[in-house]
$ cat final-v3.pdb   # PDB, C-alpha atoms
ATOM      1  CA  MET A   1      64.784  53.095 119.973
ATOM      2  CA  ALA A   2      65.613  51.763 116.518
ATOM      3  CA  GLY A   3      64.277  54.965 114.975
ATOM      4  CA  PHE A   4      66.419  57.032 117.308
ATOM      5  CA  LEU A   5      69.559  55.106 116.321
ATOM      6  CA  VAL A   6      68.828  55.532 112.623
ATOM      7  CA  LYS A   7      68.423  59.297 113.092
ATOM      8  CA  PHE A   8      71.581  59.437 115.241
ATOM      9  CA  PHE A   9      73.807  57.668 112.729
ATOM     10  CA  THR A  10      72.230  59.579 109.822
ATOM     11  CA  LEU A  11      72.968  62.865 111.595
ATOM     12  CA  ARG A  12      76.498  61.742 112.457
ATOM     13  CA  ALA A  13      77.155  60.687 108.838
ATOM     14  CA  GLY A  14      75.956  64.076 107.667
ATOM     15  CA  ILE A  15      78.289  65.858 110.076
ATOM     16  CA  VAL A  16      81.258  63.737 108.940
ATOM     17  CA  ALA A  17      80.408  64.329 105.273
ATOM     18  CA  SER A  18      80.120  68.076 105.843
ATOM     19  CA  ALA A  19      83.441  68.110 107.652
ATOM     20  CA  LEU A  20      85.065  66.173 104.819
ATOM     21  CA  VAL A  21      83.704  68.569 102.195
ATOM     22  CA  ALA A  22      84.926  71.530 104.253
ATOM     23  CA  LEU A  23      88.349  69.927 104.546
ATOM     24  CA  LEU A  24      88.565  69.263 100.820
ATOM     25  CA  TYR A  25      87.367  72.786 100.001
ATOM     26  CA  SER A  26      89.868  74.279 102.391
ATOM     27  CA  GLY A  27      92.670  72.274 100.760
ATOM     28  CA  ALA A  28      91.622  73.369  97.268
ATOM     29  CA  THR A  29      91.643  77.048  98.095
ATOM     30  CA  SER A  30      94.994  76.940  99.829
ATOM     31  CA  ALA A  31      96.669  74.639  97.336
ATOM     32  CA  GLU A  32      99.920  75.901  95.848
ATOM     33  CA  LEU A  33      99.589  77.529  92.430
ATOM     34  CA  PRO A  34     101.210  75.816  89.437
ATOM     35  CA  ARG A  35     104.766  77.079  89.050
ATOM     36  CA  LEU A  36     106.407  78.256  85.823
ATOM     37  CA  SER A  37     110.142  78.933  85.569
ATOM     38  CA  VAL A  38     111.229  81.316  82.782
ATOM     39  CA  ALA A  39     114.944  81.680  81.945
ATOM     40  CA  HIS A  40     116.480  84.260  79.585
ATOM     41  CA  LYS A  41     119.765  86.027  78.826
ATOM     42  CA  PHE A  42     118.832  89.701  79.190
ATOM     43  CA  ALA A  43     119.625  92.315  81.837
ATOM     44  CA  GLN A  44     116.880  93.632  84.096
ATOM     45  CA  ASN A  45     116.624  96.926  82.178
ATOM     46  CA  HIS A  46     116.040  95.145  78.846
ATOM     47  CA  PRO A  47     112.507  95.116  77.352
ATOM     48  CA  VAL A  48     112.478  91.293  77.356
ATOM     49  CA  HIS A  49     112.983  91.105  81.119
ATOM     50  CA  GLN A  50     110.538  93.942  81.740
ATOM     51  CA  ALA A  51     107.902  92.243  79.571
ATOM     52  CA  LEU A  52     108.388  88.969  81.438
ATOM     53  CA  GLU A  53     107.899  90.805  84.725
ATOM     54  CA  ARG A  54     104.621  92.172  83.350
ATOM     55  CA  PHE A  55     103.749  88.611  82.259
ATOM     56  CA  ARG A  56     104.392  87.425  85.823
ATOM     57  CA  GLU A  57     102.268  90.213  87.334
ATOM     58  CA  ASN A  58      99.352  89.515  84.984
ATOM     59  CA  LEU A  59      99.286  85.871  86.092
ATOM     60  CA  ALA A  60      99.238  86.651  89.818
ATOM     61  CA  GLY A  61      96.795  84.313  91.571
ATOM     62  CA  VAL A  62      96.622  81.994  88.553
ATOM     63  CA  VAL A  63     100.162  80.758  87.888
ATOM     64  CA  SER A  64     103.276  81.428  89.946
ATOM     65  CA  VAL A  65     105.958  82.664  87.518
ATOM     66  CA  GLU A  66     109.639  82.831  88.385
ATOM     67  CA  VAL A  67     111.831  84.911  86.041
ATOM     68  CA  ASN A  68     115.537  84.006  86.005
ATOM     69  CA  ALA A  69     118.351  85.850  84.201
ATOM     70  CA  PRO A  70     120.874  85.908  82.719
ATOM     71  CA  ARG A  71     121.409  82.607  80.927
ATOM     72  CA  ASN A  72     123.081  81.638  77.668
ATOM     73  CA  GLU A  73     120.398  81.147  74.997
ATOM     74  CA  ARG A  74     121.565  77.663  74.084
ATOM     75  CA  GLU A  75     121.568  76.717  77.746
ATOM     76  CA  THR A  76     117.955  77.821  78.127
ATOM     77  CA  VAL A  77     116.839  75.382  75.420
ATOM     78  CA  GLN A  78     118.807  72.546  77.012
ATOM     79  CA  GLY A  79     117.303  73.508  80.364
ATOM     80  CA  MET A  80     113.810  73.173  78.914
ATOM     81  CA  ILE A  81     114.630  69.810  77.358
ATOM     82  CA  SER A  82     116.035  68.508  80.659
ATOM     83  CA  GLY A  83     113.150  69.974  82.674
ATOM     84  CA  ALA A  84     115.311  72.456  84.599
ATOM     85  CA  SER A  85     113.198  75.355  83.282
ATOM     86  CA  ASP A  86     109.801  75.655  81.629
ATOM     87  CA  ALA A  87     109.977  78.604  79.242
ATOM     88  CA  THR A  88     112.314  81.106  77.605
ATOM     89  CA  VAL A  89     112.579  83.957  75.116
ATOM     90  CA  ILE A  90     115.087  82.992  72.433
ATOM     91  CA  SER A  91     116.259  84.434  69.111
ATOM     92  CA  SER A  92     115.285  82.609  65.938
ATOM     93  CA  ALA A  93     118.972  82.690  64.935
ATOM     94  CA  VAL A  94     119.797  80.414  67.877
ATOM     95  CA  PHE A  95     116.583  78.373  67.960
ATOM     96  CA  GLN A  96     116.988  77.394  64.306
ATOM     97  CA  GLN A  97     119.559  74.882  65.548
ATOM     98  CA  THR A  98     116.565  73.072  67.032
ATOM     99  CA  VAL A  99     113.956  73.988  64.398
ATOM    100  CA  SER A 100     115.897  74.536  61.176
ATOM    101  CA  GLU A 101     112.978  76.122  59.299
ATOM    102  CA  LEU A 102     113.235  79.176  61.542
ATOM    103  CA  GLY A 103     116.346  80.196  59.601
ATOM    104  CA  MET A 104     113.941  81.786  57.108
ATOM    105  CA  LEU A 105     113.136  84.538  59.618
ATOM    106  CA  ASP A 106     116.674  85.954  59.525
ATOM    107  CA  LEU A 107     117.251  86.030  55.769
ATOM    108  CA  ILE A 108     118.139  89.327  54.093
ATOM    109  CA  GLY A 109     115.261  91.132  52.399
ATOM    110  CA  LEU A 110     112.492  88.956  53.861
ATOM    111  CA  TRP A 111     110.814  91.859  55.656
ATOM    112  CA  ARG A 112     109.939  95.137  53.943
ATOM    113  CA  ASP A 113     109.643  96.917  57.291
ATOM    114  CA  ARG A 114     108.668  96.351  60.913
ATOM    115  CA  ALA A 115     104.940  96.551  60.081
ATOM    116  CA  HIS A 116     105.325  93.728  57.549
ATOM    117  CA  TRP A 117     107.183  91.668  60.147
ATOM    118  CA  ALA A 118     104.392  92.149  62.708
ATOM    119  CA  ARG A 119     101.552  91.441  60.238
ATOM    120  CA  ALA A 120     103.105  88.167  59.144
ATOM    121  CA  LEU A 121     104.028  86.830  62.583
ATOM    122  CA  ASP A 122     100.725  87.900  64.144
ATOM    123  CA  GLY A 123      98.835  86.235  61.303
ATOM    124  CA  GLU A 124      98.750  82.960  59.417
ATOM    125  CA  ALA A 125     102.505  82.860  58.799
ATOM    126  CA  GLY A 126     103.136  83.110  62.544
ATOM    127  CA  ARG A 127     100.699  80.271  63.185
ATOM    128  CA  GLU A 128     102.517  78.149  60.588
ATOM    129  CA  PHE A 129     105.866  78.770  62.283
ATOM    130  CA  SER A 130     104.277  77.913  65.630
ATOM    131  CA  ALA A 131     103.072  74.616  64.175
ATOM    132  CA  LEU A 132     106.612  73.837  62.978
ATOM    133  CA  VAL A 133     107.948  74.514  66.467
ATOM    134  CA  GLY A 134     105.192  72.349  67.938
ATOM    135  CA  ARG A 135     106.317  69.425  65.787
ATOM    136  CA  ALA A 136     109.967  69.724  66.847
ATOM    137  CA  LYS A 137     111.290  66.387  68.099
ATOM    138  CA  SER A 138     113.800  67.737  70.618
ATOM    139  CA  GLY A 139     112.806  66.670  74.115
ATOM    140  CA  ALA A 140     109.059  66.562  74.681
ATOM    141  CA  GLY A 141     108.448  69.534  72.378
ATOM    142  CA  PHE A 142     107.706  73.243  72.595
ATOM    143  CA  GLN A 143     104.808  75.632  72.146
ATOM    144  CA  VAL A 144     105.082  79.241  70.939
ATOM    145  CA  LEU A 145     103.462  81.836  73.192
ATOM    146  CA  GLY A 146     104.409  84.826  71.026
ATOM    147  CA  TYR A 147     106.879  86.592  68.740
ATOM    148  CA  TRP A 148     108.974  89.368  70.227
ATOM    149  CA  GLY A 149     111.802  91.517  68.870
ATOM    150  CA  GLY A 150     111.494  93.799  65.869
ATOM    151  CA  THR A 151     114.921  95.482  65.902
ATOM    152  CA  GLN A 152     116.449  96.141  62.485
ATOM    153  CA  ARG A 153     119.979  95.606  61.224
ATOM    154  CA  TYR A 154     121.887  98.412  59.489
ATOM    155  CA  ILE A 155     125.223  98.904  57.737
ATOM    156  CA  LEU A 156     127.900 100.896  59.554
ATOM    157  CA  THR A 157     130.800 102.054  57.368
ATOM    158  CA  ARG A 158     134.079 103.891  57.828
ATOM    159  CA  ARG A 159     134.412 106.347  54.917
ATOM    160  CA  ASP A 160     130.913 107.068  53.632
ATOM    161  CA  GLY A 161     127.364 105.765  53.631
ATOM    162  CA  VAL A 162     125.885 103.308  51.132
ATOM    163  CA  PRO A 163     122.518 104.947  50.297
ATOM    164  CA  LYS A 164     122.167 103.312  46.864
ATOM    165  CA  ILE A 165     122.291  99.651  45.880
ATOM    166  CA  GLU A 166     125.281 100.418  43.609
ATOM    167  CA  ASP A 167     127.242 101.590  46.647
ATOM    168  CA  LEU A 168     127.346  97.994  47.921
ATOM    169  CA  ASN A 169     129.538  96.880  45.012
ATOM    170  CA  GLY A 170     132.934  95.809  46.323
ATOM    171  CA  LEU A 171     132.077  96.744  49.921
ATOM    172  CA  ARG A 172     134.093  94.593  52.338
ATOM    173  CA  LEU A 173     131.464  93.903  54.953
ATOM    174  CA  GLN A 174     132.012  91.952  58.145
ATOM    175  CA  ILE A 175     129.108  89.530  58.658
ATOM    176  CA  LEU A 176     128.171  86.736  61.022
ATOM    177  CA  PHE A 177     128.731  83.204  59.790
ATOM    178  CA  ASN A 178     125.702  82.130  57.750
ATOM    179  CA  PRO A 179     126.208  80.367  54.377
ATOM    180  CA  VAL A 180     122.883  81.479  52.899
ATOM    181  CA  ARG A 181     123.243  85.115  53.942
ATOM    182  CA  SER A 182     126.826  85.126  52.654
ATOM    183  CA  LYS A 183     125.565  84.144  49.187
ATOM    184  CA  MET A 184     122.879  86.806  49.384
ATOM    185  CA  TRP A 185     125.434  89.502  50.221
ATOM    186  CA  LYS A 186     127.550  88.412  47.265
ATOM    187  CA  ALA A 187     124.498  88.732  45.009
ATOM    188  CA  LEU A 188     124.303  92.360  46.157
ATOM    189  CA  GLY A 189     127.920  92.982  45.156
ATOM    190  CA  VAL A 190     129.264  92.847  48.712
ATOM    191  CA  GLN A 191     132.482  91.076  49.644
ATOM    192  CA  PRO A 192     131.408  89.340  52.892
ATOM    193  CA  VAL A 193     134.183  88.876  55.461
ATOM    194  CA  LEU A 194     133.787  86.594  58.484
ATOM    195  CA  PRO A 195     135.045  87.939  61.831
ATOM    196  CA  THR A 196     138.462  86.646  62.844
ATOM    197  CA  GLN A 197     138.344  87.901  66.442
ATOM    198  CA  PRO A 198     135.648  88.620  69.048
ATOM    199  CA  ASP A 199     136.313  92.389  69.122
ATOM    200  CA  LEU A 200     133.875  93.818  66.585
ATOM    201  CA  SER A 201     135.898  96.996  66.098
ATOM    202  CA  ALA A 202     139.316  95.375  65.552
ATOM    203  CA  MET A 203     138.840  94.664  61.849
ATOM    204  CA  LEU A 204     137.415  98.144  61.293
ATOM    205  CA  ARG A 205     140.382  99.723  63.075
ATOM    206  CA  ALA A 206     142.823  97.663  61.029
ATOM    207  CA  GLY A 207     141.093  98.575  57.778
ATOM    208  CA  THR A 208     140.529  94.900  56.990
ATOM    209  CA  VAL A 209     136.861  95.655  56.327
ATOM    210  CA  ASP A 210     134.977  98.744  55.151
ATOM    211  CA  GLY A 211     131.975  98.168  57.370
ATOM    212  CA  ILE A 212     129.865  95.905  59.531
ATOM    213  CA  GLU A 213     126.162  95.057  59.648
ATOM    214  CA  GLU A 214     124.637  95.352  63.106
ATOM    215  CA  GLU A 215     121.759  96.659  65.254
ATOM    216  CA  ALA A 216     121.872 100.321  66.306
ATOM    217  CA  GLU A 217     121.858  99.546  70.029
ATOM    218  CA  VAL A 218     124.806  97.157  69.701
ATOM    219  CA  ILE A 219     126.712  99.842  67.803
ATOM    220  CA  VAL A 220     126.174 102.205  70.730
ATOM    221  CA  GLN A 221     127.030  99.624  73.398
ATOM    222  CA  THR A 222     130.240  98.493  71.686
ATOM    223  CA  ARG A 223     131.177 102.067  70.651
ATOM    224  CA  LEU A 224     131.727 100.955  67.069
ATOM    225  CA  PHE A 225     130.869 104.521  66.049
ATOM    226  CA  GLU A 226     134.345 105.523  67.234
ATOM    227  CA  VAL A 227     135.910 103.735  64.246
ATOM    228  CA  ALA A 228     133.054 104.020  61.723
ATOM    229  CA  SER A 229     130.895 107.145  61.597
ATOM    230  CA  HIS A 230     128.423 106.432  58.780
ATOM    231  CA  LEU A 231     125.250 104.413  59.332
ATOM    232  CA  THR A 232     122.941 103.507  56.463
ATOM    233  CA  GLU A 233     119.408 102.563  57.520
ATOM    234  CA  THR A 234     119.053  99.539  55.268
ATOM    235  CA  GLY A 235     116.825  97.524  57.630
ATOM    236  CA  HIS A 236     117.925  94.499  55.594
ATOM    237  CA  ALA A 237     116.941  92.069  58.377
ATOM    238  CA  ILE A 238     114.768  92.167  61.491
ATOM    239  CA  ALA A 239     115.456  90.227  64.675
ATOM    240  CA  THR A 240     112.798  87.800  65.890
ATOM    241  CA  ARG A 241     112.585  86.359  69.395
ATOM    242  CA  LEU A 242     110.252  83.502  70.245
ATOM    243  CA  PHE A 243     108.573  83.187  73.628
ATOM    244  CA  ILE A 244     108.309  79.406  74.001
ATOM    245  CA  ILE A 245     107.142  76.999  76.700
ATOM    246  CA  ALA A 246     107.986  73.310  77.057
ATOM    247  CA  LYS A 247     104.956  71.156  76.271
ATOM    248  CA  PRO A 248     105.106  69.207  79.556
ATOM    249  CA  ALA A 249     104.809  72.496  81.467
ATOM    250  CA  TRP A 250     101.956  73.637  79.216
ATOM    251  CA  GLN A 251     100.071  70.354  79.510
ATOM    252  CA  LYS A 252     100.163  70.476  83.318
ATOM    253  CA  LEU A 253      97.960  73.566  83.236
ATOM    254  CA  THR A 254      94.175  73.458  83.189
ATOM    255  CA  PRO A 255      92.338  74.997  80.185
ATOM    256  CA  PRO A 256      91.490  78.173  82.165
ATOM    257  CA  GLN A 257      95.135  78.494  83.234
ATOM    258  CA  GLN A 258      96.283  77.998  79.632
ATOM    259  CA  ALA A 259      93.861  80.710  78.495
ATOM    260  CA  ALA A 260      95.179  83.094  81.153
ATOM    261  CA  LEU A 261      98.770  82.298  80.134
ATOM    262  CA  THR A 262      97.993  82.984  76.469
ATOM    263  CA  ALA A 263      96.345  86.328  77.281
ATOM    264  CA  ALA A 264      99.241  87.373  79.532
ATOM    265  CA  ALA A 265     101.743  86.399  76.826
ATOM    266  CA  GLN A 266      99.946  88.572  74.261
ATOM    267  CA  LYS A 267     100.099  91.580  76.573
ATOM    268  CA  ALA A 268     103.769  90.895  77.304
ATOM    269  CA  ALA A 269     104.541  90.735  73.569
ATOM    270  CA  ALA A 270     103.142  94.244  73.104
ATOM    271  CA  VAL A 271     105.286  95.506  75.988
ATOM    272  CA  ALA A 272     108.423  93.828  74.621
ATOM    273  CA  ARG A 273     107.958  95.119  71.073
ATOM    274  CA  ALA A 274     107.258  98.675  72.194
ATOM    275  CA  GLY A 275     110.299  98.588  74.457
ATOM    276  CA  GLU A 276     112.603  97.307  71.718
ATOM    277  CA  LEU A 277     111.359  99.951  69.279
ATOM    278  CA  GLU A 278     111.950 102.676  71.858
ATOM    279  CA  ARG A 279     115.499 101.451  72.530
ATOM    280  CA  GLU A 280     116.286 101.329  68.812
ATOM    281  CA  THR A 281     114.922 104.855  68.277
ATOM    282  CA  THR A 282     116.934 106.125  71.246
ATOM    283  CA  ALA A 283     120.096 104.459  69.917
ATOM    284  CA  LEU A 284     119.677 106.041  66.476
ATOM    285  CA  THR A 285     119.077 109.449  68.038
ATOM    286  CA  SER A 286     122.162 109.088  70.230
ATOM    287  CA  LEU A 287     124.324 108.051  67.283
ATOM    288  CA  LYS A 288     123.273 111.134  65.351
ATOM    289  CA  GLU A 289     122.977 113.840  68.002
ATOM    290  CA  ARG A 290     125.366 112.712  70.709
ATOM    291  CA  PHE A 291     128.103 110.878  68.836
ATOM    292  CA  GLY A 292     128.054 112.696  65.501
ATOM    293  CA  VAL A 293     127.364 109.670  63.326
ATOM    294  CA  ARG A 294     125.914 110.563  59.947
ATOM    295  CA  LEU A 295     122.708 108.659  59.173
ATOM    296  CA  HIS A 296     121.960 107.803  55.540
ATOM    297  CA  SER A 297     118.585 106.793  54.111
ATOM    298  CA  PHE A 298     118.606 103.740  51.831
ATOM    299  CA  THR A 299     116.926 103.956  48.423
ATOM    300  CA  GLY A 300     117.831 100.495  47.171
ATOM    301  CA  GLN A 301     115.393  98.340  49.106
ATOM    302  CA  GLU A 302     113.398  97.128  46.095
ATOM    303  CA  ALA A 303     116.606  96.075  44.328
ATOM    304  CA  LEU A 304     117.868  94.407  47.507
ATOM    305  CA  VAL A 305     114.621  92.435  47.848
ATOM    306  CA  SER A 306     114.518  91.337  44.204
ATOM    307  CA  ARG A 307     118.182  90.325  43.983
ATOM    308  CA  THR A 308     118.023  88.220  47.120
ATOM    309  CA  ARG A 309     114.591  86.670  46.516
ATOM    310  CA  PRO A 310     115.893  83.610  44.576
ATOM    311  CA  PHE A 311     117.922  82.609  47.631
ATOM    312  CA  ARG A 312     114.915  82.906  49.938
ATOM    313  CA  ALA A 313     112.758  80.914  47.532
ATOM    314  CA  ARG A 314     115.421  78.199  47.218
ATOM    315  CA  TYR A 315     115.838  78.044  50.987
ATOM    316  CA  ALA A 316     112.071  77.713  51.448
ATOM    317  CA  GLU A 317     111.980  74.913  48.890
ATOM    318  CA  GLU A 318     114.836  73.054  50.578
ATOM    319  CA  MET A 319     113.101  73.395  53.956
ATOM    320  CA  SER A 320     109.729  72.365  52.447
ATOM    321  CA  ILE A 321     108.113  75.639  53.541
ATOM    322  CA  SER A 322     107.410  77.257  50.159
ATOM    323  CA  ARG A 323     103.777  77.840  51.125
ATOM    324  CA  LEU A 324     104.931  79.644  54.256
ATOM    325  CA  PHE A 325     107.282  81.813  52.210
ATOM    326  CA  THR A 326     104.356  82.725  49.944
ATOM    327  CA  LEU A 327     102.272  83.683  52.985
ATOM    328  CA  ILE A 328     105.022  86.038  54.171
ATOM    329  CA  GLU A 329     105.289  87.697  50.765
ATOM    330  CA  LYS A 330     101.511  88.168  50.564
ATOM    331  CA  THR A 331     101.550  90.187  53.764
ATOM    332  CA  ALA A 332     104.209  92.639  52.461
ATOM    333  CA  LYS A 333     101.441  95.188  51.910
ATOM    334  CA  PRO A 334      98.431  95.756  54.219
TER     335      PRO A 334
END

$ encode --input "final-v3.pdb" --output "structure tokens"
Amino acid sequence: MAGFLVKFFTLRAGIVASALVALLYSGATSAELPRLSVAHKFAQNHPVHQALERFRENLAGVVSVEVNAPRNERETVQGMISGASDATVISSAVFQQTVSELGMLDLIGLWRDRAHWARALDGEAGREFSALVGRAKSGAGFQVLGYWGGTQRYILTRRDGVPKIEDLNGLRLQILFNPVRSKMWKALGVQPVLPTQPDLSAMLRAGTVDGIEEEAEVIVQTRLFEVASHLTETGHAIATRLFIIAKPAWQKLTPPQQAALTAAAQKAAAVARAGELERETTALTSLKERFGVRLHSFTGQEALVSRTRPFRARYAEEMSISRLFTLIEKTAKP
């Protein structure tokens, strides 16, 4: 009898244990995926949004990604700090208010071309910038998932192009407020003029300025070509966007989930860059063939780089990133 009872309770314990394991297994497989909220400012037809949709698709079954747009860029950072959102794609020009060293990325003459920009940010220089972002003290911190962007800035003028460095002498050029870039423009002979009203074309129409520096797509969207019909392809600066995630959101993920997120972010970066390049090429073609804007090649890049270099070097020294500046310069040629 005693033996029978031992076998009975042993069998019953085994059944209960098996049921418990089955219950736990069932719960694990049906558990809700970790959620990631991504906020950005772009329209649905913009390469940034399209790349984030690809990012979301590539993480299906691993992480549940929600893409929200549009939002003001500054608001997206505050949202990440407060925990309202987990990630965003933000321009270095705006994010430098949180990580001041990122101001280096937008300085005139830093990049020789788009290939130089990509080599540096995909290499050691990019890893150094990521480390700077990782040490930021705002909120719980951020982590860089990739560098997007790649669109170049050009000079649009009213009367004629500025194909040579000498043509910049005395040019009244409307620029965005940036003390360092203002000094750099002056070193090139330009008379920088800050905008006095939100309408980009107003000062051109009034003849207050001779030209404006801007991206080709913005020129098309704002129809600035109607008041200035000469575009010089200076490529004096290249826009950088950072795909960042709040550290608390990153740290909630398991190592395999983090690896999947990193891989999906790399694929999304390629989509975003290709899309931005295509939009820029289309904008330049439209300006020339559809709107009759005359495009001018620029032969003064070497002079532009050399004349503005002291300002970049001084900025790097003030920000304590001279080594990083050297890394960027070393990647100027493949």

$ closest_residue --input "final-v3.pdb" --among "A:Arg309, A:Arg181, A:Arg135, A:Arg114" --to "Thr98 of chain A" --atoms "all atoms listed in the file"
A:Arg135

$ resolve_selection --input "final-v3.pdb" --expression "the PyMOL selection byres ((chain A and resi 195) around 12)" --output "list in words"
Arg172, Leu173, Gln174, Ile175, Leu176, Phe177, Asn178, Pro192, Val193, Leu194, Thr196, Gln197, Pro198, Asp199, Leu200, Ser201, Ala202, Met203, Leu204, Thr208, Val209, Gly211, Ile212 and Glu213 of chain A

$ closest_residue --input "final-v3.pdb" --among "A:Ala269, A:Val38, A:Ile155, A:Ala259" --to "Asp122 of chain A" --atoms "all atoms listed in the file"
A:Ala269

$ residues_near_point --input "final-v3.pdb" --point "(97.2, 81.1, 60.1)" --cutoff "12 Å" --atoms "all atoms listed in the file" --output "list in words"
Arg119, Ala120, Leu121, Asp122, Gly123, Glu124, Ala125, Gly126, Arg127, Glu128, Phe129, Ser130, Ala131, Arg323, Leu324, Leu327, Ile328 and Thr331 of chain A

$ residues_around --input "final-v3.pdb" --residues "Pro70 of chain A" --least-positions-apart "5" --cutoff "6 Å" --atoms "all atoms listed in the file" --output "count of residues only"
3

$ closest_atom_pairs --input "final-v3.pdb" --of "segment 54-114 of chain A" --to "segment 271-274 of chain A" --cutoff "12 Å" --atoms "only C-alpha atoms" --output "tab-separated table"
residue	atom	partner	partner_atom	distance
A:Arg54	CA	A:Val271	CA	8.1
A:Phe55	CA	A:Val271	CA	9.4
A:Val89	CA	A:Ala272	CA	10.7
A:Arg114	CA	A:Arg273	CA	10.3

$ write_last_selection --input "final-v3.pdb" --atoms "C-alpha atoms" --output "short mmCIF file (atom, residue, chain, number, x, y, z; two decimals), in the frame of the given file"
data_model
loop_
_atom_site.label_atom_id
_atom_site.label_comp_id
_atom_site.auth_asym_id
_atom_site.auth_seq_id
_atom_site.Cartn_x
_atom_site.Cartn_y
_atom_site.Cartn_z
CA ARG A 54 104.62 92.17 83.35
CA PHE A 55 103.75 88.61 82.26
CA VAL A 89 112.58 83.96 75.12
CA ARG A 114 108.67 96.35 60.91
#

$ closest_residue --input "final-v3.pdb" --among "A:Gln152, A:Asn45, A:Thr76, A:Thr88" --to "His236 of chain A" --atoms "all atoms listed in the file"
A:Gln152

$ atom_distance --input "final-v3.pdb" --atom1 "atom CA of Thr254 of chain A" --atom2 "atom CA of Ala39 of chain A"
22.4 Å

$ atom_distance --input "final-v3.pdb" --atom1 "atom CA of Thr262 of chain A" --atom2 "atom CA of Pro334 of chain A"
25.7 Å

$ closest_residue --input "final-v3.pdb" --among "A:Ser64, A:Ser229, A:Gln50, A:Thr285" --to "Gln257 of chain A" --atoms "all atoms listed in the file"
A:Ser64

$ closest_residue --input "final-v3.pdb" --among "A:Leu33, A:Val227, A:Leu295, A:Met319" --to "Gly161 of chain A" --atoms "all atoms listed in the file"
A:Leu295

$ resolve_selection --input "final-v3.pdb" --expression "the PyMOL selection byres ((chain A and resi 241) around 9)" --output "ChimeraX atom specification"
/A:89-93,146-150,239-240,242-243

$ build_atoms --input "final-v3.pdb" --residues "segment 215-227 of chain A" --atoms "N, CA and C atoms" --output "mmCIF file, in the frame of the given file"
data_model
loop_
_atom_site.group_PDB
_atom_site.id
_atom_site.type_symbol
_atom_site.label_atom_id
_atom_site.label_comp_id
_atom_site.auth_asym_id
_atom_site.auth_seq_id
_atom_site.Cartn_x
_atom_site.Cartn_y
_atom_site.Cartn_z
ATOM 1 N N GLU A 215 122.874 95.893 64.707
ATOM 2 C CA GLU A 215 121.759 96.659 65.254
ATOM 3 C C GLU A 215 122.282 97.966 65.859
ATOM 4 N N ALA A 216 121.453 98.998 65.827
ATOM 5 C CA ALA A 216 121.872 100.321 66.306
ATOM 6 C C ALA A 216 122.286 100.286 67.773
ATOM 7 N N GLU A 217 121.540 99.572 68.599
ATOM 8 C CA GLU A 217 121.858 99.546 70.029
ATOM 9 C C GLU A 217 123.205 98.878 70.289
ATOM 10 N N VAL A 218 123.511 97.826 69.543
ATOM 11 C CA VAL A 218 124.806 97.157 69.701
ATOM 12 C C VAL A 218 125.936 98.094 69.290
ATOM 13 N N ILE A 219 125.707 98.874 68.257
ATOM 14 C CA ILE A 219 126.712 99.842 67.803
ATOM 15 C C ILE A 219 127.023 100.848 68.907
ATOM 16 N N VAL A 220 125.977 101.269 69.625
ATOM 17 C CA VAL A 220 126.174 102.205 70.730
ATOM 18 C C VAL A 220 126.908 101.520 71.879
ATOM 19 N N GLN A 221 126.458 100.335 72.257
ATOM 20 C CA GLN A 221 127.030 99.624 73.398
ATOM 21 C C GLN A 221 128.498 99.278 73.196
ATOM 22 N N THR A 222 128.860 98.903 71.974
ATOM 23 C CA THR A 222 130.240 98.493 71.686
ATOM 24 C C THR A 222 131.103 99.654 71.214
ATOM 25 N N ARG A 223 130.480 100.838 71.073
ATOM 26 C CA ARG A 223 131.177 102.067 70.651
ATOM 27 C C ARG A 223 131.854 101.893 69.287
ATOM 28 N N LEU A 224 131.208 101.133 68.425
ATOM 29 C CA LEU A 224 131.727 100.955 67.069
ATOM 30 C C LEU A 224 131.745 102.273 66.301
ATOM 31 N N PHE A 225 130.917 103.220 66.722
ATOM 32 C CA PHE A 225 130.869 104.521 66.049
ATOM 33 C C PHE A 225 132.186 105.280 66.167
ATOM 34 N N GLU A 226 133.049 104.854 67.077
ATOM 35 C CA GLU A 226 134.345 105.523 67.234
ATOM 36 C C GLU A 226 135.294 105.207 66.083
ATOM 37 N N VAL A 227 135.039 104.105 65.372
ATOM 38 C CA VAL A 227 135.910 103.735 64.246
ATOM 39 C C VAL A 227 135.166 103.741 62.910
#
